Amino acid sequence: MDITTHFPTGKIAHERAMRRKRIGYVWQILFIFATVIAILFLAILLVSIIDSVFGYAVMADTLPVPTLIEGRESLDELTRPELESLLKENLSRGMLRKVTYDKALEDRDGNDLKALVEQYVIQPQVLRTWGLWASLTEQEEIRKFAEEHPGSYIMFRNWMTPSFIIAAQSSNPLIAGIRTAFLGSMWVLLVTFLFSFPFGIGAALYLEEYARKTRLTKIMQLNIFNLSAIPSIIYGLLGLAFFVRVLEPFTSGAVFTAGEAAVANGRTILSGGLTLGLLVLPIIIINTQEAIKAVPDSLRQSSFGLGATKWQTIWHHVLPASIGRILTGAILAMSRALGETAPLVVIGASTFISVDPTGVFSKFTTLPIQIYQWSARPQGAYRNIAAAAIISLLVLLLVVNSSAIIMRDRITKKKRLER
Amino acid sequence: MKSIQTHPFNKKLRIHEAFIEGALFLFALLSIAITVSIVVILLRESLLFFESDEVTISGFLFGTKWQPMIGYFGILPLLNATLMTSLIAMIVALPLGLAVGIYLSEYADEQLKSVVKPVLEVLAGIPSIVYGYFALTFMTPLLRSLFGDDVVQMYNMMSAGIVMGILILPLVATMAEDAIAAVPVELRLASYALGATTLETSIKVVVPAALSGLSATFLLGLSRAIGETMIVALAAGAGPKLTFNFFEGAETITGYIVRISGGDVSYNSVDYTSIFALGLILFLMTFTLNMISREISARYQTEYE
Amino acid sequence: MTDILQKIPEPGDVDQAMTDEKKIISIDDVSIHYGAFKAVQNVSLDIAQNKVTAFIGPSGCGKSTVLRSINRMNDLIPSASITGKIFFDGHDMYESSVDPVLVRREIGMVFQKPNPFPKSIYENIAWGARIHGFRGDMDELVETSLRQAALWDEVKDKLKQSGLSLSGGQQQRLCIARTIAVEPKIILMDEPASALDPIATGRIEELILELKEDYTIIIVTHNMGQASRVSDYTAFFMVDENRSGYLQEFNITEHLFLNPKHRRTEEYISGKFG
C-alpha cells in the first residue's frame with residue numbers, strides 16, 4: 001500500500017511516540033506525587049501532635065521552697081514533719097478538711113505529701129512550653145527565656161503520663177487529666193449505641209426484606225442518604241431544640257426523680273447520646289442494608305422452600321449470615337460518634353466540669369470537647385495537654401476500629417470453617 | 001356443618017409476623033420523622049427569628065454586618081467566610097483527590113493500593129477536632145513563617161481552609177477512584193487498541209467518561225466543606241468579618257453557631273433563634289448539593305446499562 | 001489421509017498457494033502463558049496480505065489469545081508472557097525496541113461487543129487520528145472512514161450525536177470506521193458480529209469483503225458459515241487435554257472445509273463439537 005499517508009511516518013512517528021510517552025511519564029510522576037502528599041499529610045499530622053507531647057517547659061513556683069522554709073532549696077530536702085506543717089499552715093480550712101477527709105495526713109506516704117505540698121503550697125506555674133523539635137533546636141532561646149524570668153527553672157516534661165489519664169479535669173493544666181471527659185464519652189457512647197443499633201437494624205431490615213418498591217420506599221431511601229450527608233451541627237440544633245428543651249422533663253431526669261429538679265436541665269448524657277444516636281442512625285442503616293444485600297438470595301429461597309415464614313427466614317438465616325458485617329459497621333459508626341464534637345457542644349455539654357458522670361442524667365463533657373477547650377486556650381501548657389488528649393483519643397479510636405476489624409475477620413473465618 | 005371449605009393449605013393469620021413487620025416499618029419511618037423534625041424545628045425558630053423587631057429578611061440575606069449587639073443581622077460576612085474556606089478546601093482536595101483517584105484506578109498495582117487505601121481510611125477516620133488543633137498549632141505558624149507575621153493573622157481562613165482540604169481529601173479520592181473504576185473496561189481496550197498511551201487513555205477517554213461520577217464527588221465534597229465546624233471554630237476566627245483577604249480571620253456560619261450555643265444563651269433571645277435561622281440556611285445549601293449530587297450519580301449509572 | 005492426530009500442520013497445499021502471496025505477518029513457533037498456565041503452544045502460521053484469514057475453533061482454544069498477541073494487546077495482561085517470534089513486514093514485533101503504541105496504529109482491532117467512545121460520532125473517529133498526529137483535513141478523513149465502513153449515508157446528518165445513540169450494528173461499523181481512520185495495514189477482528197442480529201451480521205460480512213482490498217484482515221469467529229463465506233484462508237485451532245491451545249490445521253478456506261486433513265478438523269466442521 002503506497003498511498004500517501006497523512007500520518008507522520010518513520011523517524012518523525014517515532015519521535016512523536018517518544019514525546020507522548022515522556023508526557024505520560026511526567027503525568028505519572030505527578031499522580032504519584034499527589035499520592036505521596038496524601039501519605040505525607042498523615043505523617044506530618046501525627047508527628048506534629050507527638051511533638052507537642054514532650055518538651056521543655058520553663059516554670060516558676062508561686063511560693064518557692066526557699067521562701068517557705070529557711071535554708072531548704074528543694075522539695076526533696078523537706079522532712080516529713082516539715083511537709084505536714086507546711087500543709088497545715090498554708091491550706092485554707094476547707095481545703096485542709098477536704099484533703100484529710102480523703103486520707104489523713106499521718107496515713108499518707110512521703111511522696112503523697114510531697115505531691116500535696118507541690119500542688120497546694122508551692123503551686124508551680126508554667127510560663128512557656130516548647131515542643132520536642134523546638135526543645136532540641138532552640139535550647140539557646142529557652143535558656144534566655146528562663147534567664148529573663150528570675151526564679152524560673154527549666155524542666156523536661158512528658159505531658160502524657162498515666163496520671164494524666166486518670167486525673168480529673170482541672171483548671172490547672174499541670175494536674176488536669178482526661179478522666180472526666182473519658183467517662184463522659186463512654187456514657188454517651190453507651191446511650192448512642194443502645195438507641196441507634198436496634199432502630200438502625202430494624203429500619204434496614206424493613207427496607208431490604210419487607211418493603212415493596214413503592215414511592216414511599218424510594219423517598220425513605222433518598223431521605224436516609226440525605227441524613228447521612230448533612231452537617232453534624234444540624235443534629236446538634238435538633239438535639240438542642242428537641243431533647244434538651246422540649247423533652248427536658250425526661251432528659252433531665254426530673255420525671256423520674258421528682259423533687260431534685262433544682263439544678264436539673266436537659267443538658268445531660270441522655271440528650272447527648274440520643275442526639276448522636278440520630279446522627280449515626282443513617283450510617284448504621286446504610287451499612288446494614290449493604291450487609292443484608294450481600295446475603296445470597298438462594299439462602300432465602302431454600303428457607304422459604306421449606307415453608308418458613310418471612311421472619312423465621314430473617315431471624316434464622318439472613319441475620320446470622322450478615323451479623324458480622326453489621327456489627328463491624330456498627331462499631332465503626334460508634335468510632336465516628338466518639339470523635340464528634342460540634343453537635344455535643346451545641347446541645348450544651350459542659351464547658352467545665354470536674355465531677356465524674358454518675359448516670360444518664362448527669363452533666364457531662366467528652367474527650368473531643370475537652371480537646372476543643374484546651375486547644376482554644378493560647379497559654380502554653382494547654383496546647384501540650386491538648387496534644388496528649390488527642391493521642392489518647394486516637395489510641396482509643398485505634399482500639400475500637402481494630403476490634404471491629406478483628407471481629408469481622410474472626411467471624412468470617414468461623415464461617416469459612418463451617419462450610 | 002361447616003360453611004367454609006377447609007383444606008390443609010388454609011391461610012393462617014400470623015399475628016406476630018404482622019406485628020414484627022409493623023414495628024420494623026415504624027423503625028424505618030423514624031428516619032423520615034427525623035428529617036421532618038429537623039425541618040420543622042429550623043423553620044419554627046427561624047420564623048421566631050424573623051418576627052423579632054431587629055430582624056428583617058432582606059437585612060438578613062443582604063446585610064453585610066453581623067453584630068447582634070447593635071442590631072445587625074446580615075448573613076453575608078458569615079456566608080462569605082464559609083464559602084471562602086470551602087473554596088480553599090476544594091482547591092486543595094479536588095486536584096489531589098482526582099490525581100490520587102486516577103493513579104489508584106489506572107496505574108497502581110495491588111501492592112501499592114494495599115498501602116495507600118489504608119492510609120486514606122485512617123485519614124478519613126481522624127476526628128475533625130484533631131485537624132482543628134493541627135490547623136491552629138502547625139498550619140498557622142507555618143503560614144506565618146512563610147508569609148510573615150504581619151500578613152497572616154493568628155486566626156485566618158487560609159489555614160483553616162487548607163486543613164479542611166486535607167480533611168475531605170480521603171472522601172474525594174475514594175469517590176473519584178470509584179467513579180473512574182466504574183467506567184467499563186471495554187472503553188479502555190478500544191483506546192489502547194487504537195494505540196493510545198496509558199495517560200491518553202486515562203485523561204482523554206476514561207476521565208471524561210466518568211465525568212458525572214466526578215461531578216457528584218465534587219458536590220458532595222463541597223457540601224462536606226460547607227458543613228465543617230471544628231476546624232473553622234478553632235482556626236478561622238471568632239468574629240464575623242466581611243473580608244476577601246484569605247489571611248484574615250473571619251467566622252463562618254458553623255463557627256458562629258458553635259460559639260453562641262456553647263455559651264450562655266437564653267431560650268427566648270434573638271441570639272438563640274438566630275442560630276436556627278443560620279442552621280436553616282446551612283441545611284438548605286447542603287441539602288441542595290446532596291440532592292443534585294445524588295441525581296447526577298443515579299443518572300450516570302443508567303447510561304452504561 | 002491419516003487418522004493420527006498431528007499437532008503441526010503438514011507442508012502441502014498451503015505453501016503452494018501462499019508462495020505467490022506476500023506474507024505480511026509471520027507467526028513463528030509462538031507459545032503464550034498466563035502465569036504458569038500454557039494457553040497456546042507452538043503456533044506457526046503466515047498471514048497473506050490483503051486477504052482475509054479466519055481463526056476458528058472451539059471455545060478456549062486460544063484463537064483470541066493469538067489474535068491479541070499480534071497487536072501486543074496481551075501486554076495489558078500482567079501475567080501474560082510470550083515465546084517465539086511474530087514478524088510484521090519482516091520486523092520482529094516483540095523486540096525490545098518496538099513500541100506497542102506505534103504497532104497498534106498499524107494493526108487495528110475491532111472487539112466483540114461494540115465499544116464506541118461516549119463522544120460524538122465525529123469525535124469517535126477523529127480522536128484516534130488526532131493522538132497520532134494527523135495532518136490534513138479531518139472532515140475528509142471522517143467522511144472517508146465512514147464511507148469505507150458503509151456507515152456514511154446513515155450518519156452524515158448526525159455526526160454530532162453521541163456514538164452510543166446508534167444501533168448495535170451501526171456502533172460496530174462506527175468502531176470499524178474508527179479503526180480505519182488511523183490507516184492501519186491490518187485489521188484484527190475478535191468475533192465482530194457475534195453480538196449482532198443476523199441482518200447486521202450480514203452487513204459486517206459484506207463490509208469485510210470490501211475492506212480486504214485495502215487491508216489485511218484476521219477474523220476470529222465461532223461461526224463456520226461466516227468463516228467460509230468471508231475468508232480466503234482459515235486456521236483451525238484445537239485444545240488438548242491440558243486445556244492448552246494449538247494450531248491443528250491451516251489451509252485455503254475451500255480446501256480446509258471441503259477436504260480437511262485431520263479428523264478433528266472434520267469433526268469440528270461438521271458440528272460434532274462446539
# chains A, B, ... in the order shown; residues from 1 in each chain; ligands from 1
$ interface_residues --of "chain B" --to "chain C" --cutoff "6 Å" --atoms "only C-alpha atoms" --output "list of chain:residue names"
B:Ala193, B:Leu194, B:Gly195
$ residues_around --residues "A:Ala381" --least-positions-apart "6" --cutoff "12 Å" --atoms "only C-alpha atoms" --output "list in words"
Ser52, Val53, Phe54, Gly55, Tyr56, Ala57, Val58, Met59, Gln125, Val126, Leu127, Arg128, Thr129, Trp130, Gly131, Arg157, Asn158, Trp159, Ser171, Asn172, Pro173, Leu174, Ile175, Ala176, Trp374, Ser375, Ala387 and Ala388 of chain A
$ closest_atom_pairs --of "chain B" --to "chain A" --cutoff "7 Å" --atoms "only C-alpha atoms" --output "JSON lines"
{"residue": "B:Glu17", "atom": "CA", "partner": "A:Trp311", "partner_atom": "CA", "distance": 6.5}
{"residue": "B:Leu24", "atom": "CA", "partner": "A:Gly202", "partner_atom": "CA", "distance": 5.2}
{"residue": "B:Phe25", "atom": "CA", "partner": "A:Tyr206", "partner_atom": "CA", "distance": 5.9}
{"residue": "B:Phe27", "atom": "CA", "partner": "A:Ala203", "partner_atom": "CA", "distance": 4.9}
{"residue": "B:Ala28", "atom": "CA", "partner": "A:Ala203", "partner_atom": "CA", "distance": 4.0}
{"residue": "B:Ser31", "atom": "CA", "partner": "A:Ile224", "partner_atom": "CA", "distance": 6.5}
{"residue": "B:Ile32", "atom": "CA", "partner": "A:Met220", "partner_atom": "CA", "distance": 6.5}
{"residue": "B:Ile38", "atom": "CA", "partner": "A:Leu238", "partner_atom": "CA", "distance": 5.9}
{"residue": "B:Ile41", "atom": "CA", "partner": "A:Leu238", "partner_atom": "CA", "distance": 7.0}
{"residue": "B:Leu96", "atom": "CA", "partner": "A:Ala34", "partner_atom": "CA", "distance": 5.4}
{"residue": "B:Ala99", "atom": "CA", "partner": "A:Phe31", "partner_atom": "CA", "distance": 5.1}
{"residue": "B:Val100", "atom": "CA", "partner": "A:Thr35", "partner_atom": "CA", "distance": 5.2}
{"residue": "B:Tyr103", "atom": "CA", "partner": "A:Phe31", "partner_atom": "CA", "distance": 5.7}
{"residue": "B:Val119", "atom": "CA", "partner": "A:Ile39", "partner_atom": "CA", "distance": 6.4}
{"residue": "B:Leu123", "atom": "CA", "partner": "A:Leu42", "partner_atom": "CA", "distance": 6.4}
{"residue": "B:Pro127", "atom": "CA", "partner": "A:Gly339", "partner_atom": "CA", "distance": 4.9}
{"residue": "B:Ile129", "atom": "CA", "partner": "A:Pro368", "partner_atom": "CA", "distance": 6.7}
{"residue": "B:Val130", "atom": "CA", "partner": "A:Ile390", "partner_atom": "CA", "distance": 6.7}
{"residue": "B:Tyr133", "atom": "CA", "partner": "A:Ser375", "partner_atom": "CA", "distance": 6.2}
{"residue": "B:Phe134", "atom": "CA", "partner": "A:Leu45", "partner_atom": "CA", "distance": 6.7}
{"residue": "B:Thr197", "atom": "CA", "partner": "A:Lys21", "partner_atom": "CA", "distance": 6.9}
{"residue": "B:Leu199", "atom": "CA", "partner": "A:Gly24", "partner_atom": "CA", "distance": 5.1}
{"residue": "B:Arg224", "atom": "CA", "partner": "A:Pro231", "partner_atom": "CA", "distance": 6.9}
{"residue": "B:Gly227", "atom": "CA", "partner": "A:Pro231", "partner_atom": "CA", "distance": 4.6}
{"residue": "B:Glu228", "atom": "CA", "partner": "A:Pro231", "partner_atom": "CA", "distance": 6.8}
{"residue": "B:Thr229", "atom": "CA", "partner": "A:Ala342", "partner_atom": "CA", "distance": 6.5}
{"residue": "B:Met230", "atom": "CA", "partner": "A:Ala342", "partner_atom": "CA", "distance": 6.6}
{"residue": "B:Leu234", "atom": "CA", "partner": "A:Ala376", "partner_atom": "CA", "distance": 6.3}
{"residue": "B:Val258", "atom": "CA", "partner": "A:Val346", "partner_atom": "CA", "distance": 5.8}
{"residue": "B:Ser261", "atom": "CA", "partner": "A:Val346", "partner_atom": "CA", "distance": 5.0}
{"residue": "B:Gly262", "atom": "CA", "partner": "A:Val345", "partner_atom": "CA", "distance": 5.6}
{"residue": "B:Gly279", "atom": "CA", "partner": "A:Ile234", "partner_atom": "CA", "distance": 6.4}
{"residue": "B:Thr286", "atom": "CA", "partner": "A:Ile230", "partner_atom": "CA", "distance": 6.3}
{"residue": "B:Phe287", "atom": "CA", "partner": "A:Ile230", "partner_atom": "CA", "distance": 6.8}
{"residue": "B:Asn290", "atom": "CA", "partner": "A:Asn226", "partner_atom": "CA", "distance": 6.6}
$ write_last_selection --atoms "C-alpha atoms" --output "tab-separated table (two decimals), in the first residue's frame"
chain	number	residue	atom	x	y	z
B	17	GLU	CA	-45.45	-11.75	61.81
B	24	LEU	CA	-39.97	-2.57	61.58
B	25	PHE	CA	-41.97	-0.27	59.36
B	27	PHE	CA	-38.44	1.98	62.69
B	28	ALA	CA	-37.94	2.85	59.06
B	31	SER	CA	-35.83	8.25	59.51
B	32	ILE	CA	-38.48	10.35	57.86
B	38	ILE	CA	-35.24	18.99	61.57
B	41	ILE	CA	-37.61	22.99	64.18
B	96	LEU	CA	-5.04	15.99	44.73
B	99	ALA	CA	-4.90	12.63	40.88
B	100	VAL	CA	-4.88	10.00	43.62
B	103	TYR	CA	-3.47	6.82	40.00
B	119	VAL	CA	-3.73	5.48	54.71
B	123	LEU	CA	-7.05	9.97	57.40
B	127	PRO	CA	-11.92	13.37	64.07
B	129	ILE	CA	-11.18	18.37	66.10
B	130	VAL	CA	-7.73	16.88	65.63
B	133	TYR	CA	-5.74	21.51	66.50
B	134	PHE	CA	-3.36	20.85	63.63
B	197	THR	CA	-0.77	5.58	25.87
B	199	LEU	CA	-2.05	8.70	30.07
B	224	ARG	CA	-18.92	18.48	53.47
B	227	GLY	CA	-20.82	21.96	56.96
B	228	GLU	CA	-17.47	21.51	58.69
B	229	THR	CA	-17.36	23.09	62.11
B	230	MET	CA	-14.47	22.36	64.44
B	234	LEU	CA	-10.59	26.74	66.27
B	258	VAL	CA	-20.98	26.59	67.86
B	261	SER	CA	-24.59	27.74	71.61
B	262	GLY	CA	-21.54	26.90	73.67
B	279	GLY	CA	-28.89	26.43	60.58
B	286	THR	CA	-26.10	21.19	51.84
B	287	PHE	CA	-29.43	19.55	51.05
B	290	ASN	CA	-26.55	16.48	48.19
$ closest_atom_pairs --of "chain A" --to "chain C" --cutoff "9 Å" --atoms "only C-alpha atoms" --output "CSV"
residue,atom,partner,partner_atom,distance
A:Met1,CA,C:Asp214,CA,7.6
A:Thr5,CA,C:Glu183,CA,7.8
A:His6,CA,C:Arg135,CA,5.4
A:Phe7,CA,C:Phe134,CA,5.1
A:Pro8,CA,C:Gly133,CA,6.8
A:Ala13,CA,C:Leu102,CA,7.9
A:His14,CA,C:Leu102,CA,7.7
A:Arg16,CA,C:Gly133,CA,7.8
A:Ala17,CA,C:Leu102,CA,7.0
A:Met18,CA,C:Asp99,CA,8.9
A:Arg20,CA,C:Ile131,CA,8.8
$ residues_around --residues "C:Asp190" --least-positions-apart "3" --cutoff "12 Å" --atoms "only C-alpha atoms" --output "ChimeraX atom specification"
/C:54-56,62-68,108-114,172,176,187,193-195,217-223
$ write_last_selection --atoms "C-alpha atoms" --output "mmCIF file, in the first residue's frame"
data_model
loop_
_atom_site.group_PDB
_atom_site.id
_atom_site.type_symbol
_atom_site.label_atom_id
_atom_site.label_comp_id
_atom_site.auth_asym_id
_atom_site.auth_seq_id
_atom_site.Cartn_x
_atom_site.Cartn_y
_atom_site.Cartn_z
ATOM 1 C CA ALA C 54 -10.141 -16.704 9.761
ATOM 2 C CA PHE C 55 -9.251 -18.282 13.120
ATOM 3 C CA ILE C 56 -11.822 -20.880 14.065
ATOM 4 C CA GLY C 62 -6.607 -19.767 22.259
ATOM 5 C CA LYS C 63 -7.649 -18.131 18.990
ATOM 6 C CA SER C 64 -8.396 -14.800 20.657
ATOM 7 C CA THR C 65 -5.162 -15.047 22.617
ATOM 8 C CA VAL C 66 -3.173 -15.485 19.431
ATOM 9 C CA LEU C 67 -5.080 -12.636 17.810
ATOM 10 C CA ARG C 68 -4.287 -10.294 20.693
ATOM 11 C CA GLY C 108 -6.035 -2.166 14.498
ATOM 12 C CA MET C 109 -8.610 -4.134 16.445
ATOM 13 C CA VAL C 110 -12.387 -4.432 16.491
ATOM 14 C CA PHE C 111 -13.933 -6.082 19.542
ATOM 15 C CA GLN C 112 -16.777 -8.460 20.097
ATOM 16 C CA LYS C 113 -19.007 -6.030 21.935
ATOM 17 C CA PRO C 114 -19.187 -2.679 20.105
ATOM 18 C CA GLN C 172 -19.832 -1.813 15.330
ATOM 19 C CA ILE C 176 -14.535 -0.218 12.285
ATOM 20 C CA ILE C 187 -7.377 -5.114 10.990
ATOM 21 C CA ALA C 193 -20.616 -9.931 14.650
ATOM 22 C CA SER C 194 -21.416 -12.320 17.482
ATOM 23 C CA ALA C 195 -23.245 -9.614 19.454
ATOM 24 C CA ILE C 217 -7.962 -8.842 7.865
ATOM 25 C CA ILE C 218 -7.720 -11.526 10.509
ATOM 26 C CA ILE C 219 -11.030 -12.528 11.986
ATOM 27 C CA VAL C 220 -11.748 -14.782 14.928
ATOM 28 C CA THR C 221 -15.133 -16.379 14.619
ATOM 29 C CA HIS C 222 -17.047 -19.288 16.041
ATOM 30 C CA ASN C 223 -19.452 -19.139 13.124
#
$ select_by_dssp --residues "stretch 78-148 of chain C" --states "helix (DSSP H, G or I)" --output "MDAnalysis selection string"
chainID C and resid 100:106 121:131 138:148
$ write_last_selection --atoms "N, CA and C atoms" --output "PDB file, in the first residue's frame"
ATOM      1  N   PRO C 100       4.769  -0.619  21.440  1.00  0.00           N
ATOM      2  CA  PRO C 100       3.424  -1.136  21.150  1.00  0.00           C
ATOM      3  C   PRO C 100       2.477  -0.047  20.653  1.00  0.00           C
ATOM      4  N   VAL C 101       2.690   1.187  21.134  1.00  0.00           N
ATOM      5  CA  VAL C 101       1.807   2.283  20.740  1.00  0.00           C
ATOM      6  C   VAL C 101       1.838   2.475  19.226  1.00  0.00           C
ATOM      7  N   LEU C 102       3.031   2.369  18.650  1.00  0.00           N
ATOM      8  CA  LEU C 102       3.120   2.535  17.200  1.00  0.00           C
ATOM      9  C   LEU C 102       2.593   1.304  16.481  1.00  0.00           C
ATOM     10  N   VAL C 103       2.843   0.142  17.079  1.00  0.00           N
ATOM     11  CA  VAL C 103       2.348  -1.091  16.472  1.00  0.00           C
ATOM     12  C   VAL C 103       0.836  -1.017  16.297  1.00  0.00           C
ATOM     13  N   ARG C 104       0.184  -0.512  17.349  1.00  0.00           N
ATOM     14  CA  ARG C 104      -1.274  -0.555  17.318  1.00  0.00           C
ATOM     15  C   ARG C 104      -1.874   0.435  16.343  1.00  0.00           C
ATOM     16  N   ARG C 105      -1.070   1.370  15.861  1.00  0.00           N
ATOM     17  CA  ARG C 105      -1.594   2.205  14.787  1.00  0.00           C
ATOM     18  C   ARG C 105      -1.619   1.432  13.486  1.00  0.00           C
ATOM     19  N   GLU C 106      -0.620   0.569  13.330  1.00  0.00           N
ATOM     20  CA  GLU C 106      -0.540  -0.188  12.080  1.00  0.00           C
ATOM     21  C   GLU C 106      -1.458  -1.400  12.097  1.00  0.00           C
ATOM     22  N   ILE C 121     -20.123  11.043  17.172  1.00  0.00           N
ATOM     23  CA  ILE C 121     -19.681  10.150  16.094  1.00  0.00           C
ATOM     24  C   ILE C 121     -18.428  10.716  15.447  1.00  0.00           C
ATOM     25  N   TYR C 122     -18.445  12.012  15.220  1.00  0.00           N
ATOM     26  CA  TYR C 122     -17.291  12.679  14.616  1.00  0.00           C
ATOM     27  C   TYR C 122     -16.055  12.475  15.484  1.00  0.00           C
ATOM     28  N   GLU C 123     -16.215  12.736  16.772  1.00  0.00           N
ATOM     29  CA  GLU C 123     -15.088  12.651  17.701  1.00  0.00           C
ATOM     30  C   GLU C 123     -14.555  11.238  17.833  1.00  0.00           C
ATOM     31  N   ASN C 124     -15.443  10.254  17.781  1.00  0.00           N
ATOM     32  CA  ASN C 124     -15.002   8.863  17.867  1.00  0.00           C
ATOM     33  C   ASN C 124     -13.940   8.579  16.825  1.00  0.00           C
ATOM     34  N   ILE C 125     -14.164   9.103  15.618  1.00  0.00           N
ATOM     35  CA  ILE C 125     -13.243   8.825  14.527  1.00  0.00           C
ATOM     36  C   ILE C 125     -12.038   9.741  14.585  1.00  0.00           C
ATOM     37  N   ALA C 126     -12.285  11.012  14.936  1.00  0.00           N
ATOM     38  CA  ALA C 126     -11.192  11.972  14.907  1.00  0.00           C
ATOM     39  C   ALA C 126     -10.179  11.743  16.016  1.00  0.00           C
ATOM     40  N   TRP C 127     -10.632  11.200  17.138  1.00  0.00           N
ATOM     41  CA  TRP C 127      -9.785  11.131  18.313  1.00  0.00           C
ATOM     42  C   TRP C 127      -8.508  10.331  18.080  1.00  0.00           C
ATOM     43  N   GLY C 128      -8.681   9.114  17.517  1.00  0.00           N
ATOM     44  CA  GLY C 128      -7.517   8.264  17.301  1.00  0.00           C
ATOM     45  C   GLY C 128      -6.535   8.928  16.353  1.00  0.00           C
ATOM     46  N   ALA C 129      -7.097   9.555  15.296  1.00  0.00           N
ATOM     47  CA  ALA C 129      -6.227  10.210  14.324  1.00  0.00           C
ATOM     48  C   ALA C 129      -5.451  11.333  14.987  1.00  0.00           C
ATOM     49  N   ARG C 130      -6.151  12.051  15.829  1.00  0.00           N
ATOM     50  CA  ARG C 130      -5.525  13.210  16.451  1.00  0.00           C
ATOM     51  C   ARG C 130      -4.347  12.829  17.328  1.00  0.00           C
ATOM     52  N   ILE C 131      -4.496  11.786  18.132  1.00  0.00           N
ATOM     53  CA  ILE C 131      -3.389  11.471  19.031  1.00  0.00           C
ATOM     54  C   ILE C 131      -2.171  10.954  18.284  1.00  0.00           C
ATOM     55  N   MET C 138      -9.526  16.967   8.555  1.00  0.00           N
ATOM     56  CA  MET C 138     -10.174  15.995   9.444  1.00  0.00           C
ATOM     57  C   MET C 138     -11.568  15.635   8.949  1.00  0.00           C
ATOM     58  N   ASP C 139     -12.296  16.631   8.486  1.00  0.00           N
ATOM     59  CA  ASP C 139     -13.647  16.348   7.983  1.00  0.00           C
ATOM     60  C   ASP C 139     -13.599  15.294   6.894  1.00  0.00           C
ATOM     61  N   GLU C 140     -12.588  15.438   6.018  1.00  0.00           N
ATOM     62  CA  GLU C 140     -12.471  14.499   4.918  1.00  0.00           C
ATOM     63  C   GLU C 140     -12.146  13.107   5.433  1.00  0.00           C
ATOM     64  N   LEU C 141     -11.264  13.061   6.422  1.00  0.00           N
ATOM     65  CA  LEU C 141     -10.897  11.762   6.984  1.00  0.00           C
ATOM     66  C   LEU C 141     -12.109  11.079   7.586  1.00  0.00           C
ATOM     67  N   VAL C 142     -12.907  11.869   8.326  1.00  0.00           N
ATOM     68  CA  VAL C 142     -14.095  11.282   8.967  1.00  0.00           C
ATOM     69  C   VAL C 142     -15.035  10.730   7.910  1.00  0.00           C
ATOM     70  N   GLU C 143     -15.229  11.521   6.825  1.00  0.00           N
ATOM     71  CA  GLU C 143     -16.153  11.063   5.796  1.00  0.00           C
ATOM     72  C   GLU C 143     -15.637   9.803   5.110  1.00  0.00           C
ATOM     73  N   THR C 144     -14.335   9.840   4.762  1.00  0.00           N
ATOM     74  CA  THR C 144     -13.778   8.668   4.074  1.00  0.00           C
ATOM     75  C   THR C 144     -13.906   7.410   4.929  1.00  0.00           C
ATOM     76  N   SER C 145     -13.566   7.562   6.210  1.00  0.00           N
ATOM     77  CA  SER C 145     -13.622   6.390   7.088  1.00  0.00           C
ATOM     78  C   SER C 145     -15.041   5.865   7.196  1.00  0.00           C
ATOM     79  N   LEU C 146     -16.000   6.794   7.338  1.00  0.00           N
ATOM     80  CA  LEU C 146     -17.384   6.344   7.465  1.00  0.00           C
ATOM     81  C   LEU C 146     -17.890   5.718   6.178  1.00  0.00           C
ATOM     82  N   ARG C 147     -17.421   6.247   5.039  1.00  0.00           N
ATOM     83  CA  ARG C 147     -17.821   5.634   3.779  1.00  0.00           C
ATOM     84  C   ARG C 147     -17.268   4.229   3.659  1.00  0.00           C
ATOM     85  N   GLN C 148     -15.992   4.104   3.997  1.00  0.00           N
ATOM     86  CA  GLN C 148     -15.371   2.782   3.899  1.00  0.00           C
ATOM     87  C   GLN C 148     -16.048   1.774   4.820  1.00  0.00           C
TER      88      GLN C 148
END
$ atom_distance --atom1 "atom CA of B:Phe73" --atom2 "atom CA of B:Phe60"
5.4 Å
$ select_by_dssp --residues "stretch 23-244 of chain B" --states "strand (DSSP E or B)" --output "PyMOL selection string"
chain B and resi 66-67+72-73
$ residues_around --residues "B:Thr140" --least-positions-apart "6" --cutoff "9 Å" --atoms "only C-alpha atoms" --output "MDAnalysis selection string"
chainID B and resid 134 152:156 158:160 235
$ residues_around --residues "B:Gly74" --least-positions-apart "6" --cutoff "7 Å" --atoms "only C-alpha atoms" --output "list in words"
Gly59, Phe60, Leu61, Phe62, Gly63, Thr64, Lys65 and Trp66 of chain B
$ residues_around --residues "stretch 80-82 of chain C" --least-positions-apart "5" --cutoff "10 Å" --atoms "only C-alpha atoms" --output "PyMOL selection string"
chain C and resi 30-41+65+69+74-75+94
$ residues_around --residues "B:Ala179" --least-positions-apart "4" --cutoff "8 Å" --atoms "only C-alpha atoms" --output "list in words"
Met175, Val183, Ala210, Gly213 and Leu214 of chain B
$ write_last_selection --atoms "N, CA and C atoms" --output "compact mmCIF listing (two decimals), in the first residue's frame"
# COMPACT_ATOMS: atom_id res chain seq x y z
N MET B 175 -14.08 8.55 46.37
CA MET B 175 -15.21 8.67 45.44
C MET B 175 -14.73 8.81 44.01
N VAL B 183 -15.96 2.98 35.05
CA VAL B 183 -16.02 3.07 33.58
C VAL B 183 -15.70 1.68 33.01
N ALA B 210 -16.12 9.35 33.06
CA ALA B 210 -16.52 9.29 34.47
C ALA B 210 -16.99 10.63 34.98
N GLY B 213 -19.85 10.95 37.58
CA GLY B 213 -19.44 10.48 38.91
C GLY B 213 -18.52 11.47 39.59
N LEU B 214 -17.63 12.10 38.80
CA LEU B 214 -16.71 13.06 39.37
C LEU B 214 -17.44 14.34 39.78
